[in-house]
>>> print(open('target-v6.cif').read())   # mmCIF, C-alpha atoms
data_my_file
#
loop_
_atom_site.group_PDB
_atom_site.id
_atom_site.type_symbol
_atom_site.label_atom_id
_atom_site.label_comp_id
_atom_site.auth_asym_id
_atom_site.auth_seq_id
_atom_site.Cartn_x
_atom_site.Cartn_y
_atom_site.Cartn_z
ATOM 1 C CA GLY A 12 -2.319 13.960 -18.967
ATOM 2 C CA GLY A 13 -0.070 11.458 -20.719
ATOM 3 C CA SER A 14 -0.758 8.042 -22.167
ATOM 4 C CA TYR A 15 -1.504 4.850 -20.272
ATOM 5 C CA GLU A 16 -0.999 1.234 -21.211
ATOM 6 C CA ASP A 17 -3.639 -1.233 -20.095
ATOM 7 C CA THR A 18 -2.323 -4.523 -18.744
ATOM 8 C CA PRO A 19 -4.892 -7.132 -17.701
ATOM 9 C CA ILE A 20 -4.061 -8.309 -14.187
ATOM 10 C CA VAL A 21 -6.641 -11.037 -13.919
ATOM 11 C CA THR A 22 -9.522 -12.321 -15.990
ATOM 12 C CA ASP A 23 -12.380 -13.910 -14.111
ATOM 13 C CA GLU A 24 -12.660 -17.560 -14.963
ATOM 14 C CA SER A 25 -15.243 -19.530 -13.026
ATOM 15 C CA ALA A 26 -13.314 -22.059 -11.000
ATOM 16 C CA GLU A 27 -14.655 -25.088 -9.249
ATOM 17 C CA GLY A 28 -16.314 -24.002 -6.023
ATOM 18 C CA ASP A 29 -16.522 -20.392 -7.220
ATOM 19 C CA ASP A 30 -20.214 -20.578 -8.133
ATOM 20 C CA ASN A 31 -22.424 -18.568 -5.793
ATOM 21 C CA GLY A 32 -25.517 -20.691 -6.300
ATOM 22 C CA TYR A 33 -26.990 -18.496 -9.020
ATOM 23 C CA GLY A 34 -24.882 -19.782 -11.896
ATOM 24 C CA ALA A 35 -22.519 -16.808 -11.748
ATOM 25 C CA SER A 36 -18.966 -16.230 -10.600
ATOM 26 C CA PHE A 37 -17.386 -13.372 -8.675
ATOM 27 C CA TYR A 38 -18.717 -9.912 -9.621
ATOM 28 C CA PRO A 39 -16.929 -7.257 -7.525
ATOM 29 C CA SER A 40 -18.777 -4.076 -6.638
ATOM 30 C CA TYR A 41 -16.314 -2.569 -4.122
ATOM 31 C CA MET A 42 -12.549 -2.134 -4.221
ATOM 32 C CA LYS A 43 -10.037 -0.797 -1.699
ATOM 33 C CA ILE A 44 -6.249 -0.713 -1.610
ATOM 34 C CA THR A 45 -4.423 -1.187 1.687
ATOM 35 C CA ALA A 46 -1.430 0.834 2.869
ATOM 36 C CA ASP A 47 0.732 -2.133 1.829
ATOM 37 C CA GLY A 48 -0.664 -2.046 -1.702
ATOM 38 C CA ASP A 49 -2.955 -5.072 -1.428
ATOM 39 C CA VAL A 50 -6.055 -4.822 -3.634
ATOM 40 C CA ILE A 51 -9.215 -5.999 -1.869
ATOM 41 C CA LEU A 52 -12.472 -6.557 -3.751
ATOM 42 C CA SER A 53 -15.908 -7.612 -2.569
ATOM 43 C CA SER A 54 -19.161 -8.774 -4.114
ATOM 44 C CA TRP A 55 -22.452 -9.421 -2.363
ATOM 45 C CA ASP A 56 -21.261 -12.800 -1.067
ATOM 46 C CA ALA A 57 -17.456 -12.824 -1.075
ATOM 47 C CA VAL A 58 -14.258 -10.891 -0.380
ATOM 48 C CA LYS A 59 -11.090 -11.545 -2.367
ATOM 49 C CA VAL A 60 -7.493 -10.323 -2.402
ATOM 50 C CA LEU A 61 -5.598 -9.839 -5.653
ATOM 51 C CA GLU A 62 -2.242 -11.608 -5.454
ATOM 52 C CA ASN A 63 0.092 -12.541 -8.315
ATOM 53 C CA GLY A 64 -2.652 -12.179 -10.880
ATOM 54 C CA LYS A 65 -5.114 -14.366 -8.997
ATOM 55 C CA LEU A 66 -8.134 -13.581 -6.832
ATOM 56 C CA LEU A 67 -7.746 -15.392 -3.528
ATOM 57 C CA ASP A 68 -10.675 -15.896 -1.163
ATOM 58 C CA VAL A 69 -10.794 -14.197 2.212
ATOM 59 C CA ASP A 70 -12.218 -16.644 4.741
ATOM 60 C CA LEU A 71 -15.304 -14.940 6.191
ATOM 61 C CA GLY A 72 -15.903 -17.679 8.734
ATOM 62 C CA LEU A 73 -19.450 -18.138 7.459
ATOM 63 C CA SER A 74 -19.312 -21.671 6.064
ATOM 64 C CA ASP A 75 -22.217 -22.693 8.305
ATOM 65 C CA VAL A 76 -24.294 -19.574 7.573
ATOM 66 C CA ASP A 77 -26.651 -19.589 4.589
ATOM 67 C CA ASN A 78 -28.257 -16.176 4.928
ATOM 68 C CA PHE A 79 -25.714 -13.376 4.728
ATOM 69 C CA ASN A 80 -24.686 -10.449 2.551
ATOM 70 C CA VAL A 81 -21.384 -8.663 2.200
ATOM 71 C CA ASN A 82 -22.582 -5.065 2.179
ATOM 72 C CA GLY A 83 -19.319 -3.391 1.234
ATOM 73 C CA LEU A 84 -15.919 -2.111 2.280
ATOM 74 C CA PHE A 85 -14.805 1.033 4.063
ATOM 75 C CA SER A 86 -11.538 2.584 5.252
ATOM 76 C CA PHE A 87 -10.815 3.798 8.767
ATOM 77 C CA ASP A 88 -7.581 4.606 10.570
ATOM 78 C CA GLY A 89 -5.487 3.213 7.720
ATOM 79 C CA LYS A 90 -7.262 -0.149 7.705
ATOM 80 C CA ILE A 91 -9.884 -1.757 5.460
ATOM 81 C CA TYR A 92 -13.085 -3.132 6.974
ATOM 82 C CA VAL A 93 -15.941 -5.210 5.603
ATOM 83 C CA GLN A 94 -19.591 -4.946 6.596
ATOM 84 C CA ILE A 95 -21.329 -8.313 6.913
ATOM 85 C CA TYR A 96 -25.088 -8.607 7.361
ATOM 86 C CA THR A 97 -26.571 -11.924 8.542
ATOM 87 C CA TYR A 98 -30.279 -12.628 8.729
ATOM 88 C CA GLY A 99 -32.687 -15.413 9.611
ATOM 89 C CA GLU A 100 -33.326 -16.445 13.209
ATOM 90 C CA LYS A 101 -30.951 -13.678 14.266
ATOM 91 C CA THR A 102 -30.386 -10.490 12.296
ATOM 92 C CA GLU A 103 -27.223 -8.490 12.878
ATOM 93 C CA THR A 104 -24.616 -6.356 11.158
ATOM 94 C CA LYS A 105 -20.932 -6.581 12.045
ATOM 95 C CA TYR A 106 -17.736 -4.965 10.838
ATOM 96 C CA TYR A 107 -14.366 -6.730 10.591
ATOM 97 C CA GLU A 108 -10.866 -5.688 9.671
ATOM 98 C CA ILE A 109 -9.587 -7.583 6.635
ATOM 99 C CA ASP A 110 -6.306 -9.420 7.209
ATOM 100 C CA ALA A 111 -5.207 -9.450 3.570
ATOM 101 C CA ALA A 112 -1.831 -11.071 4.271
ATOM 102 C CA ASN A 113 -3.444 -14.135 5.832
ATOM 103 C CA GLY A 114 -6.648 -14.228 3.769
ATOM 104 C CA LYS A 115 -9.033 -13.988 6.714
ATOM 105 C CA LEU A 116 -10.987 -11.572 8.867
ATOM 106 C CA GLY A 117 -9.189 -9.771 11.643
ATOM 107 C CA ASP A 118 -10.558 -8.030 14.705
ATOM 108 C CA GLU A 119 -14.190 -6.977 14.880
ATOM 109 C CA PHE A 120 -14.736 -3.236 14.788
ATOM 110 C CA THR A 121 -17.502 -2.008 17.070
ATOM 111 C CA THR A 122 -19.290 1.327 16.868
ATOM 112 C CA SER A 123 -22.575 2.438 18.344
ATOM 113 C CA VAL A 124 -23.668 4.124 15.125
ATOM 114 C CA SER A 125 -25.264 2.342 12.172
ATOM 115 C CA LEU A 126 -23.387 2.901 8.911
ATOM 116 C CA GLY A 127 -26.177 1.665 6.648
ATOM 117 C CA ASP A 128 -25.402 0.801 3.059
ATOM 118 C CA MET A 129 -21.710 1.097 2.182
ATOM 119 C CA TYR A 130 -22.515 2.090 -1.402
ATOM 120 C CA GLY A 131 -22.834 5.760 -0.536
ATOM 121 C CA VAL A 132 -19.713 6.085 1.627
ATOM 122 C CA MET A 133 -17.623 9.195 0.946
ATOM 123 C CA TYR A 134 -14.370 10.440 2.471
ATOM 124 C CA GLY A 135 -13.141 13.943 3.178
ATOM 125 C CA PRO A 136 -12.015 16.377 5.887
ATOM 126 C CA GLY A 137 -14.087 16.864 9.017
ATOM 127 C CA TYR A 138 -15.293 13.324 9.742
ATOM 128 C CA ASP A 139 -14.052 9.732 9.501
ATOM 129 C CA LEU A 140 -16.479 9.162 6.639
ATOM 130 C CA TYR A 141 -19.708 10.442 5.165
ATOM 131 C CA THR A 142 -22.871 8.795 3.830
ATOM 132 C CA LYS A 143 -25.909 10.186 2.088
ATOM 133 C CA ASP A 144 -29.507 9.091 1.743
ATOM 134 C CA GLN A 145 -32.613 10.669 0.237
ATOM 135 C CA SER A 146 -32.713 13.315 2.968
ATOM 136 C CA ALA A 147 -29.206 14.426 3.840
ATOM 137 C CA VAL A 148 -25.455 13.922 4.047
ATOM 138 C CA TYR A 149 -24.177 12.662 7.404
ATOM 139 C CA GLY A 150 -20.734 12.790 8.971
ATOM 140 C CA TYR A 151 -19.538 9.951 11.217
ATOM 141 C CA ASP A 152 -17.166 9.942 14.163
ATOM 142 C CA LEU A 153 -16.709 6.185 14.477
ATOM 143 C CA LYS A 154 -14.814 6.173 17.770
ATOM 144 C CA ALA A 155 -17.340 8.456 19.449
ATOM 145 C CA GLY A 156 -20.189 6.583 17.764
ATOM 146 C CA THR A 157 -21.877 9.742 16.519
ATOM 147 C CA LYS A 158 -23.727 10.504 13.273
ATOM 148 C CA THR A 159 -24.213 14.200 12.459
ATOM 149 C CA GLU A 160 -26.421 15.662 9.766
ATOM 150 C CA VAL A 161 -24.199 18.101 7.874
ATOM 151 C CA PHE A 162 -26.190 18.843 4.697
ATOM 152 C CA ASN A 163 -29.987 18.585 4.677
ATOM 153 C CA PHE A 164 -31.055 18.388 1.039
ATOM 154 C CA ILE A 165 -34.667 19.418 1.281
ATOM 155 C CA ASN A 166 -33.955 22.290 3.696
ATOM 156 C CA SER A 167 -31.515 23.546 1.055
ATOM 157 C CA ASP A 168 -34.099 23.128 -1.752
ATOM 158 C CA VAL A 169 -32.055 20.316 -3.314
ATOM 159 C CA ASP A 170 -33.921 17.428 -4.909
ATOM 160 C CA THR A 171 -31.929 14.263 -4.268
ATOM 161 C CA GLY A 172 -33.188 12.963 -7.584
ATOM 162 C CA ASP A 173 -30.788 15.547 -9.043
ATOM 163 C CA VAL A 174 -27.819 14.255 -7.016
ATOM 164 C CA ASN A 175 -26.099 11.063 -8.136
ATOM 165 C CA ASN A 176 -22.472 11.298 -7.048
ATOM 166 C CA MET A 177 -20.880 13.592 -4.483
ATOM 167 C CA ALA A 178 -17.370 14.556 -3.481
ATOM 168 C CA VAL A 179 -16.564 16.008 -0.064
ATOM 169 C CA VAL A 180 -14.448 19.166 -0.062
ATOM 170 C CA SER A 181 -15.167 19.775 3.625
ATOM 171 C CA ALA A 182 -18.083 19.383 6.042
ATOM 172 C CA ASP A 183 -19.355 22.712 4.666
ATOM 173 C CA GLU A 184 -18.625 22.196 0.967
ATOM 174 C CA PHE A 185 -19.590 19.533 -1.564
ATOM 175 C CA ILE A 186 -19.503 18.982 -5.323
ATOM 176 C CA ALA A 187 -22.183 16.820 -6.924
ATOM 177 C CA THR A 188 -23.101 15.475 -10.321
ATOM 178 C CA GLY A 189 -26.645 14.616 -11.297
ATOM 179 C CA TRP A 190 -29.468 14.744 -13.765
ATOM 180 C CA ASN A 191 -31.794 17.746 -13.926
ATOM 181 C CA SER A 192 -35.232 16.329 -14.650
ATOM 182 C CA ASP A 193 -36.621 19.778 -15.540
ATOM 183 C CA THR A 194 -34.021 20.603 -18.193
ATOM 184 C CA GLN A 195 -33.261 16.972 -19.080
ATOM 185 C CA SER A 196 -29.532 17.597 -18.815
ATOM 186 C CA THR A 197 -26.495 16.556 -16.792
ATOM 187 C CA MET A 198 -25.314 19.050 -14.218
ATOM 188 C CA VAL A 199 -22.362 19.573 -11.876
ATOM 189 C CA THR A 200 -23.161 21.636 -8.789
ATOM 190 C CA HIS A 201 -20.991 23.224 -6.105
ATOM 191 C CA TYR A 202 -22.729 23.391 -2.719
ATOM 192 C CA THR A 203 -21.438 25.644 0.090
ATOM 193 C CA ARG A 204 -22.982 26.281 3.477
ATOM 194 C CA ILE A 205 -24.632 29.690 3.913
ATOM 195 C CA PRO A 206 -23.657 31.374 7.204
ATOM 196 C CA ASP A 207 -26.580 31.346 9.634
ATOM 197 C CA ASP A 208 -26.734 35.149 9.798
ATOM 198 C CA GLN A 209 -27.165 35.326 6.008
ATOM 199 C CA VAL A 210 -30.062 32.893 5.736
ATOM 200 C CA VAL A 211 -33.314 34.608 4.682
ATOM 201 C CA GLN A 212 -35.708 34.455 7.611
ATOM 202 C CA LYS A 213 -39.102 32.849 6.968
ATOM 203 C CA THR A 214 -41.931 31.495 9.103
ATOM 204 C CA ILE A 215 -41.188 27.803 9.675
ATOM 205 C CA ILE A 216 -43.818 25.109 9.158
ATOM 206 C CA SER A 217 -42.659 21.813 10.643
ATOM 207 C CA MET A 218 -43.515 18.526 8.942
ATOM 208 C CA SER A 219 -42.696 14.987 10.094
ATOM 209 C CA VAL A 220 -42.802 11.882 7.905
ATOM 210 C CA PRO A 221 -41.935 8.225 8.569
ATOM 211 C CA ASN A 222 -40.395 8.060 5.085
ATOM 212 C CA LEU A 223 -39.966 10.898 2.617
ATOM 213 C CA TYR A 224 -41.126 9.805 -0.828
ATOM 214 C CA TYR A 225 -40.208 11.393 -4.148
ATOM 215 C CA ASN A 226 -43.517 13.117 -4.971
ATOM 216 C CA LEU A 227 -43.830 14.751 -1.555
ATOM 217 C CA ARG A 228 -40.194 15.828 -1.611
ATOM 218 C CA ARG A 229 -40.654 17.560 -4.969
ATOM 219 C CA LYS A 230 -43.808 19.348 -3.807
ATOM 220 C CA VAL A 231 -42.147 20.651 -0.642
ATOM 221 C CA ILE A 232 -39.090 21.871 -2.551
ATOM 222 C CA ASN A 233 -41.256 23.677 -5.103
ATOM 223 C CA PHE A 234 -43.297 25.266 -2.307
ATOM 224 C CA ASN A 235 -40.200 26.455 -0.455
ATOM 225 C CA LYS A 236 -38.702 27.939 -3.604
ATOM 226 C CA SER A 237 -41.893 29.822 -4.473
ATOM 227 C CA SER A 238 -42.783 31.178 -1.031
ATOM 228 C CA ASP A 239 -41.233 34.389 0.261
ATOM 229 C CA THR A 240 -42.725 34.062 3.737
ATOM 230 C CA TYR A 241 -42.963 30.359 4.652
ATOM 231 C CA ARG A 242 -40.607 27.393 4.659
ATOM 232 C CA ILE A 243 -41.523 23.785 5.338
ATOM 233 C CA VAL A 244 -38.836 22.020 7.378
ATOM 234 C CA ILE A 245 -39.106 18.233 7.279
ATOM 235 C CA THR A 246 -37.999 15.634 9.785
ATOM 236 C CA ASP A 247 -37.651 12.341 7.921
ATOM 237 C CA TYR A 248 -37.746 9.620 10.559
ATOM 238 C CA SER A 249 -36.335 6.982 8.220
ATOM 239 C CA GLN A 250 -32.912 8.407 9.168
ATOM 240 C CA TYR A 251 -33.302 6.594 12.504
ATOM 241 C CA ASN A 252 -33.711 3.155 10.925
ATOM 242 C CA THR A 253 -30.780 0.851 11.643
ATOM 243 C CA ASP A 254 -29.199 -2.140 9.955
ATOM 244 C CA ASP A 255 -30.954 -4.408 12.439
ATOM 245 C CA ASP A 256 -34.288 -2.596 12.746
ATOM 246 C CA TYR A 257 -35.774 -1.048 9.624
ATOM 247 C CA THR A 258 -38.795 0.196 11.593
ATOM 248 C CA ALA A 259 -36.817 2.056 14.276
ATOM 249 C CA GLY A 260 -37.689 5.393 12.666
ATOM 250 C CA THR A 261 -41.414 4.693 12.676
ATOM 251 C CA THR A 262 -41.218 3.588 16.310
ATOM 252 C CA ARG A 263 -39.456 6.808 17.247
ATOM 253 C CA PHE A 264 -42.021 8.833 15.271
ATOM 254 C CA ASN A 265 -44.877 7.177 17.172
ATOM 255 C CA ASN A 266 -43.157 7.730 20.531
ATOM 256 C CA ASP A 267 -42.484 11.411 19.761
ATOM 257 C CA LEU A 268 -46.137 11.992 18.895
ATOM 258 C CA ILE A 269 -47.297 10.235 22.070
ATOM 259 C CA SER A 270 -44.912 12.341 24.176
ATOM 260 C CA GLY A 271 -46.326 15.555 22.721
ATOM 261 C CA LYS A 272 -43.640 16.344 20.141
ATOM 262 C CA VAL A 273 -46.181 17.169 17.438
ATOM 263 C CA PRO A 274 -45.229 19.033 14.219
ATOM 264 C CA ASP A 275 -47.495 21.400 12.293
ATOM 265 C CA ILE A 276 -48.010 18.747 9.582
ATOM 266 C CA ILE A 277 -48.028 14.988 10.130
ATOM 267 C CA VAL A 278 -47.755 12.543 7.230
ATOM 268 C CA VAL A 279 -49.067 9.119 8.242
ATOM 269 C CA THR A 280 -48.543 5.709 6.696
ATOM 270 C CA SER A 281 -50.101 2.296 7.175
ATOM 271 C CA ASP A 282 -47.251 1.012 9.380
ATOM 272 C CA MET A 283 -47.837 3.673 12.046
ATOM 273 C CA ASN A 284 -49.839 2.627 15.093
#
>>> encode(input="target-v6.cif", output="structure tokens")
Amino acid sequence: GGSYEDTPIVTDESAEGDDNGYGASFYPSYMKITADGDVILSSWDAVKVLENGKLLDVDLGLSDVDNFNVNGLFSFDGKIYVQIYTYGEKTETKYYEIDAANGKLGDEFTTSVSLGDMYGVMYGPGYDLYTKDQSAVYGYDLKAGTKTEVFNFINSDVDTGDVNNMAVVSADEFIATGWNSDTQSTMVTHYTRIPDDQVVQKTIISMSVPNLYYNLRRKVINFNKSSDTYRIVITDYSQYNTDDDYTAGTTRFNNDLISGKVPDIIVVTSDMN
């Protein structure tokens, strides 16, 4: 693979006005490179552009706002966007193009679908981007504002505790690394979709939960693997929570039950009415 020489571009030295209120300077957790070669980095409270060996602030226009988080960066249509979450009297999440050349935010990007936490964003063929949570991998069409479940972990007998990082080969194929808690070893797994006509037919038991916790997930997976005749299929309503309403899934769960959409097994929690 050849040899590489490391050349420090910038070393972080706390400058006056660079303190974030917690006695620490800029700690980037996301990085993107624009089509023009600009390097953009973000931490939980700032966005910076690397220029001539220096990190220059991007003006977020939030000088009068105390309660906000920069939740990450994502790419779309050849541009880099930042997700900004503000909270307090009014809670909202917005997305803005980053104007790296002028050190400020550009146009707001609007989509009717909630992207959630940017940490799990993945890119690959089939959709504009992908995210994953404890239940599934989702593909996003940002212009259409749609979010599609493409890989349901538990319905595939995959414990998300065993999946740390994923790469998208296509909407039907993924490669993941993780830790196998049974064998206490690192594993790399290739996941491919099984054609519908090749799936072993079993009697389906439907289960709905407001939030799928680790212990229940493990028990369902173990049951599904051991049973030749039954399979529990779970609807995890936490997938319907949004950036602005973390109880939207529970509300939808309650409304579905009231309207008569009742599964075979209901898991209740204290926040359900």
>>> closest_residue(input="target-v6.cif", among="A:Thr194, A:Asn266, A:Thr253, A:Asn226", to="A:Glu103", atoms="all atoms listed in the file")
A:Thr253
>>> residues_around(input="target-v6.cif", residues="A:Ser249", least_positions_apart="2", cutoff="10 Å", atoms="all atoms listed in the file", output="list of chain:residue names")
A:Asp144, A:Gln145, A:Ser146, A:Val220, A:Pro221, A:Asn222, A:Leu223, A:Thr246, A:Asp247, A:Tyr251, A:Asn252, A:Thr253, A:Tyr257, A:Thr258, A:Ala259, A:Gly260, A:Thr261, A:Arg263, A:Phe264
>>> resolve_selection(input="target-v6.cif", expression="the PyMOL selection byres ((chain A and resi 160-165) around 12)", output="PyMOL selection string")
chain A and resi 137-138+140-152+157-159+166-174+177+179+181-185+202-205+218+223-225+227-236+242-247+250-251
>>> closest_atom_pairs(input="target-v6.cif", of="stretch 59-105 of chain A", to="stretch 47-50 of chain A", cutoff="10 Å", atoms="all atoms listed in the file", output="tab-separated table")
residue	atom	partner	partner_atom	distance
A:Lys59	CA	A:Val50	CA	8.5
A:Val60	CA	A:Val50	CA	5.8
A:Leu61	CA	A:Val50	CA	5.4
A:Glu62	CA	A:Asp49	CA	7.7
A:Leu66	CA	A:Val50	CA	9.6
>>> resolve_selection(input="target-v6.cif", expression="the PyMOL selection byres ((chain A and resi 69) around 10)", output="JSON, numbers by chain")
{"A": [51, 52, 53, 57, 58, 59, 60, 66, 67, 68, 70, 71, 72, 109, 110, 111, 112, 113, 114, 115, 116]}
>>> atom_distance(input="target-v6.cif", atom1="atom CA of A:Glu16", atom2="atom CA of A:Phe37")
25.3 Å
>>> atom_distance(input="target-v6.cif", atom1="atom CA of A:Ala178", atom2="atom CA of A:Ser219")
28.7 Å
>>> atom_distance(input="target-v6.cif", atom1="atom CA of A:Tyr38", atom2="atom CA of A:Gly83")
12.7 Å
>>> resolve_selection(input="target-v6.cif", expression="the PyMOL selection byres ((chain A and resi 100) around 12)", output="list in words")
Val76, Asp77, Asn78, Phe79, Thr97, Tyr98, Gly99, Lys101, Thr102 and Glu103 of chain A
>>> closest_residue(input="target-v6.cif", among="A:Ser125, A:Asn175, A:Gly64, A:Ser86", to="A:Asp139", atoms="all atoms listed in the file")
A:Ser86
>>> axis_aligned_box(input="target-v6.cif", around="stretch 96-106 of chain A", padding_each_side="4 Å", output="JSON")
{"center_x": -25.5, "center_y": -10.7, "center_z": 10.8, "size_x": 23.6, "size_y": 19.5, "size_z": 14.9}
>>> build_atoms(input="target-v6.cif", residues="stretch 51-73 of chain A", atoms="N, CA and C atoms", output="PDB file, keeping the file's coordinate frame")
ATOM      1  N   ILE A  51      -8.135  -5.208  -2.459  1.00  0.00           N
ATOM      2  CA  ILE A  51      -9.215  -5.999  -1.869  1.00  0.00           C
ATOM      3  C   ILE A  51     -10.495  -5.683  -2.632  1.00  0.00           C
ATOM      4  N   LEU A  52     -11.206  -6.723  -3.028  1.00  0.00           N
ATOM      5  CA  LEU A  52     -12.472  -6.557  -3.751  1.00  0.00           C
ATOM      6  C   LEU A  52     -13.553  -7.348  -3.046  1.00  0.00           C
ATOM      7  N   SER A  53     -14.792  -6.877  -3.163  1.00  0.00           N
ATOM      8  CA  SER A  53     -15.908  -7.612  -2.569  1.00  0.00           C
ATOM      9  C   SER A  53     -17.106  -7.593  -3.497  1.00  0.00           C
ATOM     10  N   SER A  54     -17.861  -8.690  -3.449  1.00  0.00           N
ATOM     11  CA  SER A  54     -19.161  -8.774  -4.114  1.00  0.00           C
ATOM     12  C   SER A  54     -20.191  -8.944  -3.013  1.00  0.00           C
ATOM     13  N   TRP A  55     -21.403  -9.301  -3.386  1.00  0.00           N
ATOM     14  CA  TRP A  55     -22.452  -9.421  -2.363  1.00  0.00           C
ATOM     15  C   TRP A  55     -22.255 -10.625  -1.453  1.00  0.00           C
ATOM     16  N   ASP A  56     -21.405 -11.582  -1.880  1.00  0.00           N
ATOM     17  CA  ASP A  56     -21.261 -12.800  -1.067  1.00  0.00           C
ATOM     18  C   ASP A  56     -19.822 -13.230  -0.849  1.00  0.00           C
ATOM     19  N   ALA A  57     -18.844 -12.407  -1.216  1.00  0.00           N
ATOM     20  CA  ALA A  57     -17.456 -12.824  -1.075  1.00  0.00           C
ATOM     21  C   ALA A  57     -16.525 -11.626  -1.001  1.00  0.00           C
ATOM     22  N   VAL A  58     -15.344 -11.863  -0.403  1.00  0.00           N
ATOM     23  CA  VAL A  58     -14.258 -10.891  -0.380  1.00  0.00           C
ATOM     24  C   VAL A  58     -13.012 -11.596  -0.902  1.00  0.00           C
ATOM     25  N   LYS A  59     -12.277 -10.928  -1.787  1.00  0.00           N
ATOM     26  CA  LYS A  59     -11.090 -11.545  -2.367  1.00  0.00           C
ATOM     27  C   LYS A  59      -9.927 -10.553  -2.356  1.00  0.00           C
ATOM     28  N   VAL A  60      -8.717 -11.118  -2.341  1.00  0.00           N
ATOM     29  CA  VAL A  60      -7.493 -10.323  -2.402  1.00  0.00           C
ATOM     30  C   VAL A  60      -6.775 -10.663  -3.698  1.00  0.00           C
ATOM     31  N   LEU A  61      -6.339  -9.637  -4.411  1.00  0.00           N
ATOM     32  CA  LEU A  61      -5.598  -9.839  -5.653  1.00  0.00           C
ATOM     33  C   LEU A  61      -4.132 -10.090  -5.332  1.00  0.00           C
ATOM     34  N   GLU A  62      -3.629 -11.250  -5.739  1.00  0.00           N
ATOM     35  CA  GLU A  62      -2.242 -11.608  -5.454  1.00  0.00           C
ATOM     36  C   GLU A  62      -1.666 -12.394  -6.624  1.00  0.00           C
ATOM     37  N   ASN A  63      -0.592 -11.879  -7.201  1.00  0.00           N
ATOM     38  CA  ASN A  63       0.092 -12.541  -8.315  1.00  0.00           C
ATOM     39  C   ASN A  63      -0.867 -12.889  -9.454  1.00  0.00           C
ATOM     40  N   GLY A  64      -1.748 -11.978  -9.763  1.00  0.00           N
ATOM     41  CA  GLY A  64      -2.652 -12.179 -10.880  1.00  0.00           C
ATOM     42  C   GLY A  64      -3.815 -13.097 -10.603  1.00  0.00           C
ATOM     43  N   LYS A  65      -4.009 -13.475  -9.355  1.00  0.00           N
ATOM     44  CA  LYS A  65      -5.114 -14.366  -8.997  1.00  0.00           C
ATOM     45  C   LYS A  65      -5.939 -13.739  -7.879  1.00  0.00           C
ATOM     46  N   LEU A  66      -7.246 -14.039  -7.892  1.00  0.00           N
ATOM     47  CA  LEU A  66      -8.134 -13.581  -6.832  1.00  0.00           C
ATOM     48  C   LEU A  66      -8.255 -14.682  -5.789  1.00  0.00           C
ATOM     49  N   LEU A  67      -7.743 -14.404  -4.608  1.00  0.00           N
ATOM     50  CA  LEU A  67      -7.746 -15.392  -3.528  1.00  0.00           C
ATOM     51  C   LEU A  67      -8.838 -15.061  -2.528  1.00  0.00           C
ATOM     52  N   ASP A  68      -9.575 -16.085  -2.100  1.00  0.00           N
ATOM     53  CA  ASP A  68     -10.675 -15.896  -1.163  1.00  0.00           C
ATOM     54  C   ASP A  68     -10.189 -15.437   0.203  1.00  0.00           C
ATOM     55  N   VAL A  69     -10.952 -14.528   0.798  1.00  0.00           N
ATOM     56  CA  VAL A  69     -10.794 -14.197   2.212  1.00  0.00           C
ATOM     57  C   VAL A  69     -11.802 -15.029   2.981  1.00  0.00           C
ATOM     58  N   ASP A  70     -11.339 -15.786   3.953  1.00  0.00           N
ATOM     59  CA  ASP A  70     -12.218 -16.644   4.741  1.00  0.00           C
ATOM     60  C   ASP A  70     -13.075 -15.775   5.662  1.00  0.00           C
ATOM     61  N   LEU A  71     -14.382 -15.760   5.403  1.00  0.00           N
ATOM     62  CA  LEU A  71     -15.304 -14.940   6.191  1.00  0.00           C
ATOM     63  C   LEU A  71     -15.804 -15.655   7.436  1.00  0.00           C
ATOM     64  N   GLY A  72     -15.452 -16.925   7.571  1.00  0.00           N
ATOM     65  CA  GLY A  72     -15.903 -17.679   8.734  1.00  0.00           C
ATOM     66  C   GLY A  72     -17.389 -17.924   8.745  1.00  0.00           C
ATOM     67  N   LEU A  73     -17.998 -18.005   7.557  1.00  0.00           N
ATOM     68  CA  LEU A  73     -19.450 -18.138   7.459  1.00  0.00           C
ATOM     69  C   LEU A  73     -19.850 -19.414   6.718  1.00  0.00           C
TER      70      LEU A  73
END
